[in-house]
$ cat data34.cif   # mmCIF, N, CA and C atoms
data_query
#
loop_
_atom_site.label_atom_id
_atom_site.label_comp_id
_atom_site.auth_asym_id
_atom_site.auth_seq_id
_atom_site.Cartn_x
_atom_site.Cartn_y
_atom_site.Cartn_z
N MET A 282 156.48 93.75 103.51
CA MET A 282 155.30 93.72 104.34
C MET A 282 155.62 93.11 105.70
N ALA A 283 155.15 93.72 106.76
CA ALA A 283 155.42 93.26 108.11
C ALA A 283 154.55 92.06 108.47
N VAL A 284 155.12 91.17 109.25
CA VAL A 284 154.39 90.00 109.72
C VAL A 284 153.62 90.38 110.97
N LYS A 285 152.38 89.91 111.11
CA LYS A 285 151.55 90.20 112.27
C LYS A 285 151.65 89.04 113.25
N TYR A 286 151.98 89.36 114.52
CA TYR A 286 152.11 88.33 115.54
C TYR A 286 150.92 88.36 116.49
N LYS A 287 150.54 87.19 117.00
CA LYS A 287 149.41 87.09 117.92
C LYS A 287 149.81 87.44 119.35
N ILE A 288 151.11 87.46 119.64
CA ILE A 288 151.61 87.78 120.98
C ILE A 288 151.96 89.26 121.04
N LYS A 289 151.59 89.92 122.16
CA LYS A 289 151.96 91.31 122.33
C LYS A 289 152.42 91.55 123.77
N LYS A 290 152.95 92.72 124.02
CA LYS A 290 153.47 93.09 125.33
C LYS A 290 152.38 92.94 126.38
N GLY A 291 152.71 92.30 127.51
CA GLY A 291 151.75 92.11 128.59
C GLY A 291 151.05 90.77 128.57
N ASP A 292 151.13 90.04 127.46
CA ASP A 292 150.49 88.72 127.37
C ASP A 292 151.23 87.71 128.23
N THR A 293 150.51 86.67 128.65
CA THR A 293 151.12 85.56 129.38
C THR A 293 151.45 84.47 128.37
N VAL A 294 152.70 84.00 128.43
CA VAL A 294 153.15 82.98 127.49
C VAL A 294 153.80 81.82 128.23
N LYS A 295 153.86 80.67 127.54
CA LYS A 295 154.55 79.49 128.06
C LYS A 295 155.75 79.23 127.17
N ILE A 296 156.91 78.99 127.78
CA ILE A 296 158.12 78.69 127.03
C ILE A 296 158.03 77.23 126.59
N ILE A 297 158.13 76.97 125.29
CA ILE A 297 157.97 75.60 124.77
C ILE A 297 159.28 74.99 124.28
N ALA A 298 160.38 75.75 124.35
CA ALA A 298 161.69 75.21 123.95
C ALA A 298 162.80 75.97 124.67
N GLY A 299 163.93 75.31 124.86
CA GLY A 299 165.08 75.96 125.48
C GLY A 299 165.24 75.60 126.94
N ASP A 300 166.17 76.27 127.62
CA ASP A 300 166.50 75.98 129.02
C ASP A 300 165.33 76.25 129.96
N ASP A 301 164.48 77.20 129.64
CA ASP A 301 163.36 77.59 130.51
C ASP A 301 162.06 76.90 130.11
N LYS A 302 162.14 75.79 129.39
CA LYS A 302 160.95 75.09 128.89
C LYS A 302 159.97 74.78 130.03
N GLY A 303 158.70 75.10 129.79
CA GLY A 303 157.65 74.83 130.77
C GLY A 303 157.29 76.02 131.64
N LYS A 304 158.13 77.04 131.69
CA LYS A 304 157.83 78.22 132.50
C LYS A 304 156.70 79.03 131.88
N ILE A 305 155.88 79.63 132.74
CA ILE A 305 154.81 80.52 132.28
C ILE A 305 155.12 81.89 132.85
N ALA A 306 155.21 82.90 131.98
CA ALA A 306 155.58 84.25 132.41
C ALA A 306 154.98 85.29 131.48
N LYS A 307 155.21 86.57 131.82
CA LYS A 307 154.65 87.70 131.08
C LYS A 307 155.67 88.25 130.08
N VAL A 308 155.16 88.70 128.93
CA VAL A 308 156.01 89.31 127.91
C VAL A 308 156.31 90.75 128.33
N LEU A 309 157.60 91.09 128.42
CA LEU A 309 158.02 92.44 128.80
C LEU A 309 158.20 93.34 127.58
N GLU A 310 158.63 92.74 126.46
CA GLU A 310 158.96 93.53 125.27
C GLU A 310 158.84 92.67 124.02
N MET A 311 158.37 93.27 122.94
CA MET A 311 158.28 92.61 121.63
C MET A 311 159.33 93.21 120.71
N LEU A 312 160.01 92.36 119.95
CA LEU A 312 160.99 92.81 118.96
C LEU A 312 160.57 92.24 117.60
N PRO A 313 159.55 92.86 116.95
CA PRO A 313 159.00 92.28 115.72
C PRO A 313 159.99 92.21 114.55
N LYS A 314 160.94 93.14 114.48
CA LYS A 314 161.91 93.12 113.38
C LYS A 314 162.77 91.86 113.43
N ASN A 315 163.07 91.37 114.64
CA ASN A 315 163.90 90.18 114.81
C ASN A 315 163.06 88.94 115.10
N ALA A 316 161.74 89.07 115.17
CA ALA A 316 160.82 87.98 115.53
C ALA A 316 161.20 87.38 116.89
N GLN A 317 161.41 88.27 117.88
CA GLN A 317 161.80 87.85 119.21
C GLN A 317 160.96 88.54 120.28
N VAL A 318 160.92 87.92 121.47
CA VAL A 318 160.23 88.49 122.62
C VAL A 318 161.15 88.43 123.84
N VAL A 319 160.97 89.37 124.77
CA VAL A 319 161.68 89.35 126.04
C VAL A 319 160.65 88.92 127.08
N VAL A 320 160.92 87.80 127.77
CA VAL A 320 159.98 87.23 128.72
C VAL A 320 160.54 87.39 130.13
N GLU A 321 159.68 87.80 131.06
CA GLU A 321 160.06 88.06 132.46
C GLU A 321 160.65 86.80 133.11
N GLY A 322 161.89 86.93 133.61
CA GLY A 322 162.53 85.84 134.35
C GLY A 322 163.05 84.69 133.52
N CYS A 323 163.08 84.81 132.20
CA CYS A 323 163.54 83.73 131.34
C CYS A 323 164.76 84.16 130.52
N LYS A 324 165.63 83.21 130.25
CA LYS A 324 166.88 83.43 129.52
C LYS A 324 167.67 84.58 130.15
N ILE A 325 168.01 84.40 131.42
CA ILE A 325 168.75 85.41 132.19
C ILE A 325 170.23 85.33 131.83
N ALA A 326 170.85 86.49 131.60
CA ALA A 326 172.29 86.57 131.33
C ALA A 326 172.89 87.52 132.36
N LYS A 327 174.08 87.17 132.84
CA LYS A 327 174.79 88.06 133.77
C LYS A 327 175.59 89.05 132.94
N LYS A 328 175.40 90.33 133.20
CA LYS A 328 176.09 91.38 132.47
C LYS A 328 177.04 92.09 133.43
N ALA A 329 178.31 92.20 133.08
CA ALA A 329 179.29 92.88 133.92
C ALA A 329 179.10 94.39 133.82
N ILE A 330 179.11 95.07 134.95
CA ILE A 330 178.93 96.52 134.99
C ILE A 330 180.23 97.15 135.50
N LYS A 331 180.78 98.09 134.72
CA LYS A 331 181.98 98.80 135.16
C LYS A 331 181.63 99.80 136.25
N PRO A 332 182.54 100.05 137.16
CA PRO A 332 182.27 101.08 138.17
C PRO A 332 182.06 102.45 137.52
N SER A 333 181.06 103.19 138.02
CA SER A 333 180.76 104.52 137.50
C SER A 333 180.22 105.37 138.65
N ASP A 334 179.86 106.62 138.36
CA ASP A 334 179.29 107.50 139.39
C ASP A 334 177.98 106.93 139.92
N LYS A 335 177.19 106.37 139.02
CA LYS A 335 175.89 105.83 139.40
C LYS A 335 176.04 104.54 140.21
N ASN A 336 177.02 103.70 139.82
CA ASN A 336 177.26 102.42 140.49
C ASN A 336 178.76 102.35 140.83
N PRO A 337 179.19 102.89 141.98
CA PRO A 337 180.62 103.01 142.28
C PRO A 337 181.36 101.68 142.42
N ASN A 338 180.66 100.60 142.78
CA ASN A 338 181.34 99.32 142.97
C ASN A 338 181.35 98.45 141.72
N GLY A 339 180.53 98.77 140.72
CA GLY A 339 180.43 97.91 139.56
C GLY A 339 179.69 96.64 139.93
N GLY A 340 180.08 95.51 139.35
CA GLY A 340 179.45 94.23 139.70
C GLY A 340 178.73 93.60 138.52
N PHE A 341 177.70 92.83 138.83
CA PHE A 341 176.95 92.10 137.80
C PHE A 341 175.49 92.48 137.82
N LEU A 342 174.86 92.43 136.65
CA LEU A 342 173.44 92.73 136.50
C LEU A 342 172.80 91.54 135.79
N ASN A 343 171.71 91.02 136.35
CA ASN A 343 170.97 89.94 135.69
C ASN A 343 169.98 90.57 134.73
N LYS A 344 170.05 90.17 133.46
CA LYS A 344 169.24 90.79 132.42
C LYS A 344 168.55 89.72 131.59
N GLU A 345 167.27 89.95 131.25
CA GLU A 345 166.54 89.03 130.38
C GLU A 345 166.96 89.27 128.93
N MET A 346 167.23 88.19 128.22
CA MET A 346 167.63 88.28 126.83
C MET A 346 166.45 87.85 125.94
N PRO A 347 166.43 88.31 124.68
CA PRO A 347 165.33 87.95 123.78
C PRO A 347 165.30 86.45 123.44
N ILE A 348 164.08 85.93 123.27
CA ILE A 348 163.84 84.54 122.87
C ILE A 348 163.10 84.59 121.53
N ASP A 349 163.40 83.66 120.65
CA ASP A 349 162.69 83.60 119.36
C ASP A 349 161.21 83.36 119.60
N ILE A 350 160.39 84.04 118.85
CA ILE A 350 158.92 83.98 119.03
C ILE A 350 158.37 82.58 118.80
N SER A 351 159.08 81.76 118.05
CA SER A 351 158.62 80.38 117.80
C SER A 351 158.78 79.49 119.02
N ASN A 352 159.53 79.94 120.01
CA ASN A 352 159.77 79.15 121.23
C ASN A 352 158.80 79.49 122.36
N VAL A 353 157.81 80.34 122.09
CA VAL A 353 156.82 80.68 123.10
C VAL A 353 155.41 80.44 122.53
N ALA A 354 154.48 80.10 123.43
CA ALA A 354 153.08 79.90 123.04
C ALA A 354 152.21 80.72 123.98
N LYS A 355 151.24 81.43 123.41
CA LYS A 355 150.34 82.26 124.21
C LYS A 355 149.45 81.37 125.09
N VAL A 356 149.29 81.77 126.35
CA VAL A 356 148.45 81.04 127.29
C VAL A 356 147.15 81.81 127.45
N GLU A 357 146.03 81.17 127.18
CA GLU A 357 144.72 81.82 127.34
C GLU A 357 144.35 81.80 128.81
N ALA A 358 144.04 82.99 129.35
CA ALA A 358 143.72 83.09 130.78
C ALA A 358 142.21 83.11 130.99
#

$ encode --input "data34.cif" --output "structure tokens"
Amino acid sequence: MAVKYKIKKGDTVKIIAGDDKGKIAKVLEMLPKNAQVVVEGCKIAKKAIKPSDKNPNGGFLNKEMPIDISNVAKVEA
């Protein structure tokens, strides 16, 4: 049986644990199978990009990584 979460895509949440503690941001994506959320501007990781036709120089891409759902709290607006 699937667990029902009170947080969904588009909700505003506050980070209550981790490096981004105290930040308030919007949920970009829900990952219910892993009990994780992707929050805008939080837990940023630099990802190396190989040169390709689309991106001839390669370089780095800043990407939001998933945070455990227990580390965020819904903010009532």

$ closest_residue --input "data34.cif" --among "A:Val318, A:Lys290, A:Asp300, A:Ile305" --to "Pro347 (chain A)" --atoms "all atoms listed in the file"
A:Val318

$ select_by_dssp --input "data34.cif" --residues "chain A" --states "strand (DSSP E or B)" --output "PyMOL selection string"
chain A and resi 293-296+305-312+317-320+325-330+340-345+348-349+353-355

$ atom_distance --input "data34.cif" --atom1 "atom C of Leu342 (chain A)" --atom2 "atom C of Ile296 (chain A)"
22.5 Å

$ resolve_selection --input "data34.cif" --expression "the PyMOL selection byres ((chain A and resi 306) around 6.5)" --output "PDB file with N, CA and C atoms, in the frame of the given file"
ATOM      1  N   ASP A 292     151.130  90.040 127.460  1.00  0.00           N
ATOM      2  CA  ASP A 292     150.490  88.720 127.370  1.00  0.00           C
ATOM      3  C   ASP A 292     151.230  87.710 128.230  1.00  0.00           C
ATOM      4  N   THR A 293     150.510  86.670 128.650  1.00  0.00           N
ATOM      5  CA  THR A 293     151.120  85.560 129.380  1.00  0.00           C
ATOM      6  C   THR A 293     151.450  84.470 128.370  1.00  0.00           C
ATOM      7  N   VAL A 294     152.700  84.000 128.430  1.00  0.00           N
ATOM      8  CA  VAL A 294     153.150  82.980 127.490  1.00  0.00           C
ATOM      9  C   VAL A 294     153.800  81.820 128.230  1.00  0.00           C
ATOM     10  N   LYS A 295     153.860  80.670 127.540  1.00  0.00           N
ATOM     11  CA  LYS A 295     154.550  79.490 128.060  1.00  0.00           C
ATOM     12  C   LYS A 295     155.750  79.230 127.170  1.00  0.00           C
ATOM     13  N   ILE A 296     156.910  78.990 127.780  1.00  0.00           N
ATOM     14  CA  ILE A 296     158.120  78.690 127.030  1.00  0.00           C
ATOM     15  C   ILE A 296     158.030  77.230 126.590  1.00  0.00           C
ATOM     16  N   LYS A 304     158.130  77.040 131.690  1.00  0.00           N
ATOM     17  CA  LYS A 304     157.830  78.220 132.500  1.00  0.00           C
ATOM     18  C   LYS A 304     156.700  79.030 131.880  1.00  0.00           C
ATOM     19  N   ILE A 305     155.880  79.630 132.740  1.00  0.00           N
ATOM     20  CA  ILE A 305     154.810  80.520 132.280  1.00  0.00           C
ATOM     21  C   ILE A 305     155.120  81.890 132.850  1.00  0.00           C
ATOM     22  N   LYS A 307     155.210  86.570 131.820  1.00  0.00           N
ATOM     23  CA  LYS A 307     154.650  87.700 131.080  1.00  0.00           C
ATOM     24  C   LYS A 307     155.670  88.250 130.080  1.00  0.00           C
ATOM     25  N   VAL A 308     155.160  88.700 128.930  1.00  0.00           N
ATOM     26  CA  VAL A 308     156.010  89.310 127.910  1.00  0.00           C
ATOM     27  C   VAL A 308     156.310  90.750 128.330  1.00  0.00           C
ATOM     28  N   VAL A 320     160.920  87.800 127.770  1.00  0.00           N
ATOM     29  CA  VAL A 320     159.980  87.230 128.720  1.00  0.00           C
ATOM     30  C   VAL A 320     160.540  87.390 130.130  1.00  0.00           C
ATOM     31  N   GLU A 321     159.680  87.800 131.060  1.00  0.00           N
ATOM     32  CA  GLU A 321     160.060  88.060 132.460  1.00  0.00           C
ATOM     33  C   GLU A 321     160.650  86.800 133.110  1.00  0.00           C
TER      34      GLU A 321
END

$ residues_around --input "data34.cif" --residues "Ile348 (chain A)" --least-positions-apart "6" --cutoff "9 Å" --atoms "only C-alpha atoms" --output "JSON, numbers by chain"
{"A": [316, 317, 318, 319, 320, 323, 324]}

$ atom_distance --input "data34.cif" --atom1 "CA of Lys287 (chain A)" --atom2 "CA of Lys355 (chain A)"
8.0 Å

$ resolve_selection --input "data34.cif" --expression "the PyMOL selection byres ((chain A and resi 327) around 6.5)" --output "VMD selection string"
chain A and resid 325 to 326 328 to 329 341 to 344

$ atom_distance --input "data34.cif" --atom1 "atom C of Ile288 (chain A)" --atom2 "CA of Met311 (chain A)"
7.2 Å

$ closest_residue --input "data34.cif" --among "A:Asn315, A:Tyr286, A:Gly322, A:Asn336" --to "Asp301 (chain A)" --atoms "all atoms listed in the file"
A:Gly322

$ closest_residue --input "data34.cif" --among "A:Pro332, A:Gly299, A:Gly291, A:Val284" --to "Val356 (chain A)" --atoms "only C-alpha atoms"
A:Gly291

$ axis_aligned_box --input "data34.cif" --around "region 304-308 of chain A" --padding-each-side "3 Å" --output "lines of an AutoDock Vina configuration file"
center_x = 156.4
center_y = 83.9
center_z = 130.4
size_x = 9.5
size_y = 19.7
size_z = 10.9

$ decode --input "data34.cif" --residues "region 312-333 of chain A" --atoms "N, CA and C atoms" --output "compact mmCIF listing (two decimals), in the first residue's frame"
# COMPACT_ATOMS: atom_id res chain seq x y z
N LEU A 312 9.02 12.55 -5.40
CA LEU A 312 9.47 11.19 -5.67
C LEU A 312 8.91 10.28 -4.57
N PRO A 313 7.60 9.91 -4.67
CA PRO A 313 6.96 9.16 -3.59
C PRO A 313 7.55 7.77 -3.33
N LYS A 314 8.08 7.12 -4.37
CA LYS A 314 8.66 5.79 -4.17
C LYS A 314 9.86 5.84 -3.24
N ASN A 315 10.63 6.94 -3.30
CA ASN A 315 11.82 7.09 -2.46
C ASN A 315 11.57 7.98 -1.25
N ALA A 316 10.36 8.50 -1.10
CA ALA A 316 9.99 9.43 -0.03
C ALA A 316 10.90 10.66 -0.06
N GLN A 317 11.07 11.24 -1.26
CA GLN A 317 11.93 12.40 -1.44
C GLN A 317 11.23 13.48 -2.26
N VAL A 318 11.74 14.72 -2.12
CA VAL A 318 11.24 15.85 -2.89
C VAL A 318 12.43 16.61 -3.47
N VAL A 319 12.21 17.27 -4.62
CA VAL A 319 13.21 18.15 -5.21
C VAL A 319 12.71 19.57 -4.96
N VAL A 320 13.51 20.37 -4.25
CA VAL A 320 13.12 21.72 -3.86
C VAL A 320 13.97 22.73 -4.63
N GLU A 321 13.31 23.77 -5.14
CA GLU A 321 13.95 24.81 -5.95
C GLU A 321 15.08 25.50 -5.19
N GLY A 322 16.29 25.45 -5.75
CA GLY A 322 17.44 26.16 -5.18
C GLY A 322 18.06 25.52 -3.95
N CYS A 323 17.69 24.31 -3.61
CA CYS A 323 18.22 23.64 -2.42
C CYS A 323 18.95 22.35 -2.80
N LYS A 324 19.98 22.04 -2.03
CA LYS A 324 20.83 20.87 -2.26
C LYS A 324 21.33 20.84 -3.70
N ILE A 325 22.04 21.90 -4.07
CA ILE A 325 22.59 22.05 -5.43
C ILE A 325 23.85 21.20 -5.56
N ALA A 326 23.96 20.46 -6.67
CA ALA A 326 25.15 19.68 -6.98
C ALA A 326 25.67 20.12 -8.34
N LYS A 327 26.99 20.20 -8.46
CA LYS A 327 27.59 20.54 -9.76
C LYS A 327 27.75 19.25 -10.55
N LYS A 328 27.22 19.22 -11.75
CA LYS A 328 27.30 18.04 -12.61
C LYS A 328 28.18 18.37 -13.80
N ALA A 329 29.19 17.56 -14.07
CA ALA A 329 30.08 17.77 -15.20
C ALA A 329 29.38 17.36 -16.49
N ILE A 330 29.46 18.19 -17.52
CA ILE A 330 28.83 17.92 -18.81
C ILE A 330 29.93 17.73 -19.86
N LYS A 331 29.91 16.59 -20.55
CA LYS A 331 30.87 16.35 -21.62
C LYS A 331 30.52 17.20 -22.83
N PRO A 332 31.51 17.61 -23.60
CA PRO A 332 31.20 18.34 -24.83
C PRO A 332 30.37 17.49 -25.79
N SER A 333 29.36 18.11 -26.41
CA SER A 333 28.50 17.41 -27.36
C SER A 333 28.06 18.42 -28.42
